[in-house]
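Take a look at the structure below.
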Amino acid sequence: MVGAFTALEALRAGHRVTLIDPAEPGSDRAASFGNGAWISPASILPMSMPGLWRKVPAMLADPLGPFAIRWTHLPQLTPWLLRFLAAGASMQKVEAVADARNRLLQDAPSAYRETARMAGLGRFVVSNGLLHVFADRNDFAQEAMEWELRKVRGVRCRPIEQDELRALEPGLADHYRFGILVEDGAHLTDPGGFVAALVAHARERGADFVQARVTGFEMADGRLKAVRHDSGLLACDIAIVCAGAWSQPLASQAGDFAPLESERGYHIVLADPNYVPRHPVMPRDGKMAITMTDQGLRVAGQVELSSLTAPPDWRRAEILLSYLPKVFPALAKQCAAPRLSRWMGHRPSTPDGLPCLGRSSASRDILFNFGHGHSGIAMAPASARKVIAMIGDNQPSDTDAAYFPQRFR
């Protein structure tokens with residue numbers, strides 16, 4: 001999604017554009033394909049919060065917990081993990097990250113609606129809010145501070161009491177008696193399909209597409225001459241790395257250390273569900289996004305820190321599935337294998353919860369736009385605008401320094 005929006009923004013700015021990717025746009029190889037489909041302006045908080053370090057032993061001990069670390073990956077992960085814990089060591093740090101994330105998220109739903117309108121893709125974007133549900137107000141109180149941080153930054157969140165909650169979602173289990181509706185939130189009916197459609201739209205506007213794997217850069221006197229890929233060379237003046245979890249080797253070749261880890265996520269899709277939720281729903285006790293898509297009812301979530309090459313642990317997908325009838329009891333008899341599909345993908349996560357946006361150290365002609373973690377879909381439009389604005393002699397704003405890759409030196 002990040003690459004597709006970046007291509008469109010470059011076209012709008014008058015550049016000639018070639019997209020290079022080893023897979024077809026919208027394929028299941030990319031994190032965008034399996035995302036929870038949410039476009040949420042409320043996703044402003046980083047994962048690392050004060051006191052999280054106390055939970056690390058439990059993350060190592062429980063391979064099926066909501067946030068798990070594979071032991072075999074721990075030696076490689078430790079430097080990233082230390083940076084991750086440090087990034088959330090104080091509320092001052094958390095609030096600075098929340099401000100920077102908010103700048104990328106606050107206009108996301110309207111940006112999607114406008115892009116979809118211009119590209120004739122309005123059917124993909126649904127704007128009826130995002131519903132977070134809790135057992136009761138006491139359950140909500142455990143997250144009240146986080147919701148206040150969102151509220152003071154302009155996120156419109158409306159409390160939903162029990163009777164209204166029943167009216168909004170009649171099929172919701174009785175043990176959820178309080179909710180928060182993120183009023184400006186939206187979702188996609190098919191994230192992978194939307195990516196494919198955006199790229200098709202970009203190609204209609206003149207962009208080229210090369211199916212290949214980028215391996216490096218050709219430079220002379222600090223200026224970019226070409227991009228190397230496994231089928232040859234592509235001469236160009238500017239290269240923008242939007243390779244998600246696979247961006248680190250390219251960033252290294254461009255002179256920057258980018259501490260990037262795969263924050264693996266899973267989803268289950270139930271085809272033709274008996275009950276279709278009226279809104280995307282996230283239960284506090286499960287922390288997964290439950291969203292109706294074109295393929296069926298998608299349950300997406302889980303966090304597993306491991307390598308790009310480690311095999312999936314499909315037990316984590318089963319955990320997602322087990323929550324579905326707990327949230328919507330009408331689905332209890334439907335959760336059978338023939339109706340299900342499952343997926344695992346790699347979220348590209350930085351320790352501080354902010355993407356890498358900006359020029360590389362090796363050349364002003366190589367720019368970065370990766371590392372969006374859970375929020376690649378929602379942050380894609382604003383990230384693309386910022387990076388394209390940095391091309392040439394344009395000077396970034398002072399606040400953009402929060403995203404520069406050089407912050408990790």
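Following the order of the structure tokens, chains are lettered A, B, ..., residues in each are numbered from 1, and ligands are numbered from 1.
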
Requested in this report: Run DSSP on the backbone and give me the residues of range 126-370 of chain A it puts in strand (DSSP E), as JSON, numbers by chain.
Outcome: {"A": [126, 130, 131, 132, 133, 134, 157, 158, 159, 160, 178, 179, 180, 181, 182, 186, 187, 188, 208, 209, 210, 211, 214, 215, 216, 217, 218, 219, 220, 223, 224, 225, 226, 227, 228, 229, 232, 233, 234, 235, 239, 240, 241, 261, 262, 263, 264, 265, 266, 267, 268, 269, 270, 281, 282, 283, 289, 290, 291, 292, 293, 296, 297, 298, 299, 300, 301, 302, 303, 304, 305, 306, 340, 341, 342, 343, 344, 345, 346, 347, 348, 349, 356, 357, 358, 359, 366, 367, 368, 369, 370]}

**Report entry** Within 10 Å of Tyr323 in chain A using only C-alpha atoms, minus same-chain residues under 6 positions, as a PyMOL selection string
**Finding:** chain A and resi 283+285-288+290+299+329+332

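If you count only C-alpha atoms and ignore residues fewer than 2 places along the chain from Ala243 in chain A, what sits within 9 Å of it is Val2, Gly3, Asp21, Val241, Ala245, Trp246, Ser247, Gln248, Leu250, Pro348, Asn369, Phe370 and Gly371 of chain A.
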
Query - Nearest residue to Ser360 in chain A from the set A:Gln211, A:Ser262, A:Gln334, A:Gln253 (distances using only C-alpha atoms) - result: A:Gln253

For Ala330 in chain A: contacts at 8 Å, only C-alpha atoms, fewer than 2 positions along chain excluded, given as a PDB file with N, CA and C atoms, in the first residue's frame:
```pdb
ATOM      1  N   GLY A 171     -25.669  -8.558  17.155  1.00  0.00           N
ATOM      2  CA  GLY A 171     -25.107  -9.896  17.309  1.00  0.00           C
ATOM      3  C   GLY A 171     -23.954  -9.985  18.288  1.00  0.00           C
ATOM      4  N   ASN A 274     -22.794 -16.430   9.037  1.00  0.00           N
ATOM      5  CA  ASN A 274     -24.215 -16.308   9.369  1.00  0.00           C
ATOM      6  C   ASN A 274     -24.559 -14.909   9.863  1.00  0.00           C
ATOM      7  N   TYR A 275     -23.600 -14.283  10.519  1.00  0.00           N
ATOM      8  CA  TYR A 275     -23.815 -12.922  11.017  1.00  0.00           C
ATOM      9  C   TYR A 275     -22.737 -12.010  10.444  1.00  0.00           C
ATOM     10  N   PRO A 325     -16.487 -16.788  17.869  1.00  0.00           N
ATOM     11  CA  PRO A 325     -17.785 -17.065  18.505  1.00  0.00           C
ATOM     12  C   PRO A 325     -17.938 -16.417  19.883  1.00  0.00           C
ATOM     13  N   PHE A 328     -19.135 -12.940  18.601  1.00  0.00           N
ATOM     14  CA  PHE A 328     -20.412 -13.059  17.898  1.00  0.00           C
ATOM     15  C   PHE A 328     -20.913 -14.500  18.029  1.00  0.00           C
ATOM     16  N   ALA A 332     -20.852 -19.562  16.191  1.00  0.00           N
ATOM     17  CA  ALA A 332     -20.245 -20.692  16.905  1.00  0.00           C
ATOM     18  C   ALA A 332     -20.216 -21.974  16.086  1.00  0.00           C
ATOM     19  N   LYS A 333     -21.252 -22.228  15.285  1.00  0.00           N
ATOM     20  CA  LYS A 333     -21.336 -23.485  14.542  1.00  0.00           C
ATOM     21  C   LYS A 333     -20.731 -23.392  13.145  1.00  0.00           C
TER      22      LYS A 333
END
```

Residue neighbourhood Lys55 in chain A, 12 Å, only C-alpha atoms, exclusion window fewer than 2 positions, as a PDB file with N, CA and C atoms, in the first residue's frame:
```pdb
ATOM      1  N   SER A  48       5.371   0.229  22.463  1.00  0.00           N
ATOM      2  CA  SER A  48       6.218   0.290  23.650  1.00  0.00           C
ATOM      3  C   SER A  48       5.710   1.371  24.598  1.00  0.00           C
ATOM      4  N   MET A  49       5.376   0.955  25.817  1.00  0.00           N
ATOM      5  CA  MET A  49       4.846   1.869  26.829  1.00  0.00           C
ATOM      6  C   MET A  49       5.641   1.686  28.121  1.00  0.00           C
ATOM      7  N   PRO A  50       5.599   2.661  29.046  1.00  0.00           N
ATOM      8  CA  PRO A  50       6.323   2.518  30.312  1.00  0.00           C
ATOM      9  C   PRO A  50       5.939   1.235  31.047  1.00  0.00           C
ATOM     10  N   GLY A  51       6.940   0.543  31.547  1.00  0.00           N
ATOM     11  CA  GLY A  51       6.704  -0.682  32.304  1.00  0.00           C
ATOM     12  C   GLY A  51       6.604  -1.940  31.476  1.00  0.00           C
ATOM     13  N   LEU A  52       6.685  -1.824  30.147  1.00  0.00           N
ATOM     14  CA  LEU A  52       6.547  -3.005  29.305  1.00  0.00           C
ATOM     15  C   LEU A  52       7.670  -4.016  29.558  1.00  0.00           C
ATOM     16  N   TRP A  53       8.838  -3.530  29.977  1.00  0.00           N
ATOM     17  CA  TRP A  53       9.981  -4.428  30.188  1.00  0.00           C
ATOM     18  C   TRP A  53       9.648  -5.543  31.182  1.00  0.00           C
ATOM     19  N   PRO A  57       9.701 -11.359  30.168  1.00  0.00           N
ATOM     20  CA  PRO A  57       9.802 -12.795  30.502  1.00  0.00           C
ATOM     21  C   PRO A  57       8.553 -13.582  30.107  1.00  0.00           C
ATOM     22  N   ALA A  58       7.373 -12.977  30.303  1.00  0.00           N
ATOM     23  CA  ALA A  58       6.138 -13.666  29.929  1.00  0.00           C
ATOM     24  C   ALA A  58       6.032 -13.815  28.415  1.00  0.00           C
ATOM     25  N   MET A  59       6.517 -12.818  27.664  1.00  0.00           N
ATOM     26  CA  MET A  59       6.503 -12.903  26.206  1.00  0.00           C
ATOM     27  C   MET A  59       7.375 -14.056  25.718  1.00  0.00           C
ATOM     28  N   LEU A  60       8.478 -14.286  26.409  1.00  0.00           N
ATOM     29  CA  LEU A  60       9.377 -15.383  26.046  1.00  0.00           C
ATOM     30  C   LEU A  60       8.814 -16.733  26.481  1.00  0.00           C
ATOM     31  N   ALA A  61       8.086 -16.727  27.603  1.00  0.00           N
ATOM     32  CA  ALA A  61       7.600 -17.984  28.168  1.00  0.00           C
ATOM     33  C   ALA A  61       6.345 -18.501  27.473  1.00  0.00           C
ATOM     34  N   ASP A  62       5.540 -17.599  26.915  1.00  0.00           N
ATOM     35  CA  ASP A  62       4.264 -18.005  26.321  1.00  0.00           C
ATOM     36  C   ASP A  62       4.307 -17.818  24.810  1.00  0.00           C
ATOM     37  N   GLY A  65       1.013 -16.207  23.421  1.00  0.00           N
ATOM     38  CA  GLY A  65       0.465 -14.980  23.981  1.00  0.00           C
ATOM     39  C   GLY A  65       0.204 -13.946  22.896  1.00  0.00           C
ATOM     40  N   PRO A  66      -0.558 -12.878  23.224  1.00  0.00           N
ATOM     41  CA  PRO A  66      -0.878 -11.864  22.217  1.00  0.00           C
ATOM     42  C   PRO A  66       0.336 -11.136  21.688  1.00  0.00           C
ATOM     43  N   PHE A  67       1.430 -11.096  22.483  1.00  0.00           N
ATOM     44  CA  PHE A  67       2.699 -10.510  22.065  1.00  0.00           C
ATOM     45  C   PHE A  67       3.771 -11.520  22.458  1.00  0.00           C
ATOM     46  N   ALA A  68       4.332 -12.211  21.478  1.00  0.00           N
ATOM     47  CA  ALA A  68       5.267 -13.304  21.771  1.00  0.00           C
ATOM     48  C   ALA A  68       6.593 -13.079  21.069  1.00  0.00           C
ATOM     49  N   ILE A  69       7.652 -13.606  21.678  1.00  0.00           N
ATOM     50  CA  ILE A  69       9.001 -13.545  21.108  1.00  0.00           C
ATOM     51  C   ILE A  69       9.524 -14.972  20.995  1.00  0.00           C
ATOM     52  N   LEU A  85      12.238  -1.098  24.101  1.00  0.00           N
ATOM     53  CA  LEU A  85      11.890  -0.809  25.489  1.00  0.00           C
ATOM     54  C   LEU A  85      12.276   0.614  25.863  1.00  0.00           C
TER      55      LEU A  85
END
```

Requested in this report: Measuring atom to atom with only C-alpha atoms, identify which of A:Thr293, A:Gln142, A:Ser40, A:Gln76 is nearest to Gly129 in chain A.
Outcome: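 Counting only C-alpha atoms, the residue closest to Gly129 in chain A is A:Ser40.
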
Query raised in the report: Which neighbours of Cys236 in chain A fall inside 12 Å, counting only C-alpha atoms, when residues of the same chain fewer than 3 positions from it are skipped, and could you give them as a PyMOL selection string?
Result: chain A and resi 15-19+217-219+223-228+233+239-240+365-366

Residues from last step as file, C-alpha atoms, as a CSV table (one decimal), in the first residue's frame:
```
chain,number,residue,atom,x,y,z
A,15,HIS,CA,7.5,12.4,-12.3
A,16,ARG,CA,7.9,9.4,-14.6
A,17,VAL,CA,7.4,6.4,-12.4
A,18,THR,CA,8.4,2.7,-12.5
A,19,LEU,CA,7.4,0.3,-9.8
A,217,PHE,CA,22.1,0.8,-6.5
A,218,GLU,CA,24.5,2.1,-9.1
A,219,MET,CA,26.0,5.4,-8.1
A,223,ARG,CA,24.4,10.6,-7.4
A,224,LEU,CA,22.2,7.7,-8.3
A,225,LYS,CA,22.5,6.3,-11.8
A,226,ALA,CA,20.4,3.2,-11.8
A,227,VAL,CA,18.7,0.6,-9.6
A,228,ARG,CA,20.0,-3.0,-9.9
A,233,LEU,CA,19.5,-2.4,-14.5
A,239,ALA,CA,14.8,5.7,-6.0
A,240,ILE,CA,12.3,5.3,-3.2
A,365,ASP,CA,18.6,10.6,-4.7
A,366,ILE,CA,17.7,7.6,-2.6
```

Query raised in the report: If you count only C-alpha atoms, which residues fall within 7 Å of Pro159 in chain A, apart from same-chain ones fewer than 3 positions away, as a list of chain:residue names?
Result: A:Gly179, A:Ile180, A:Leu181

Using the selection just defined, write its residues with C-alpha atoms as a PDB file, in the first residue's frame.
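Final output, saved to selection23.pdb:
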```pdb
ATOM      1  CA  GLY A 179     -17.870   0.585  23.568  1.00  0.00           C
ATOM      2  CA  ILE A 180     -15.904   3.395  21.962  1.00  0.00           C
ATOM      3  CA  LEU A 181     -16.757   4.372  18.399  1.00  0.00           C
TER       4      LEU A 181
END
```

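Our summary of the geometry notes that CA of Pro22 in chain A is positioned 14.1 Å from CA of Asp208 in chain A.
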
Query raised in the report: Given the choices A:Phe178, A:Trp80, A:Tyr266, A:Phe140, which gets closest to Ser32 in chain A if the distance is worked out from only C-alpha atoms?
Result: A:Tyr266

Requested in this report: Counting only C-alpha atoms, figure out which residue out of A:Gly296, A:Gly244, A:Pro25, A:Gly185 gets nearest to His372 in chain A.
Outcome: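 Of the candidates, the smallest distance to His372 in chain A is held by A:Gly244.
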
Report task. Using only C-alpha atoms, find the one residue out of A:Leu367, A:Trp71, A:Phe84, A:Leu354 that sits nearest to Asp237 in chain A. Result ->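 Using only C-alpha atoms, the shortest distance to Asp237 in chain A belongs to A:Leu367.
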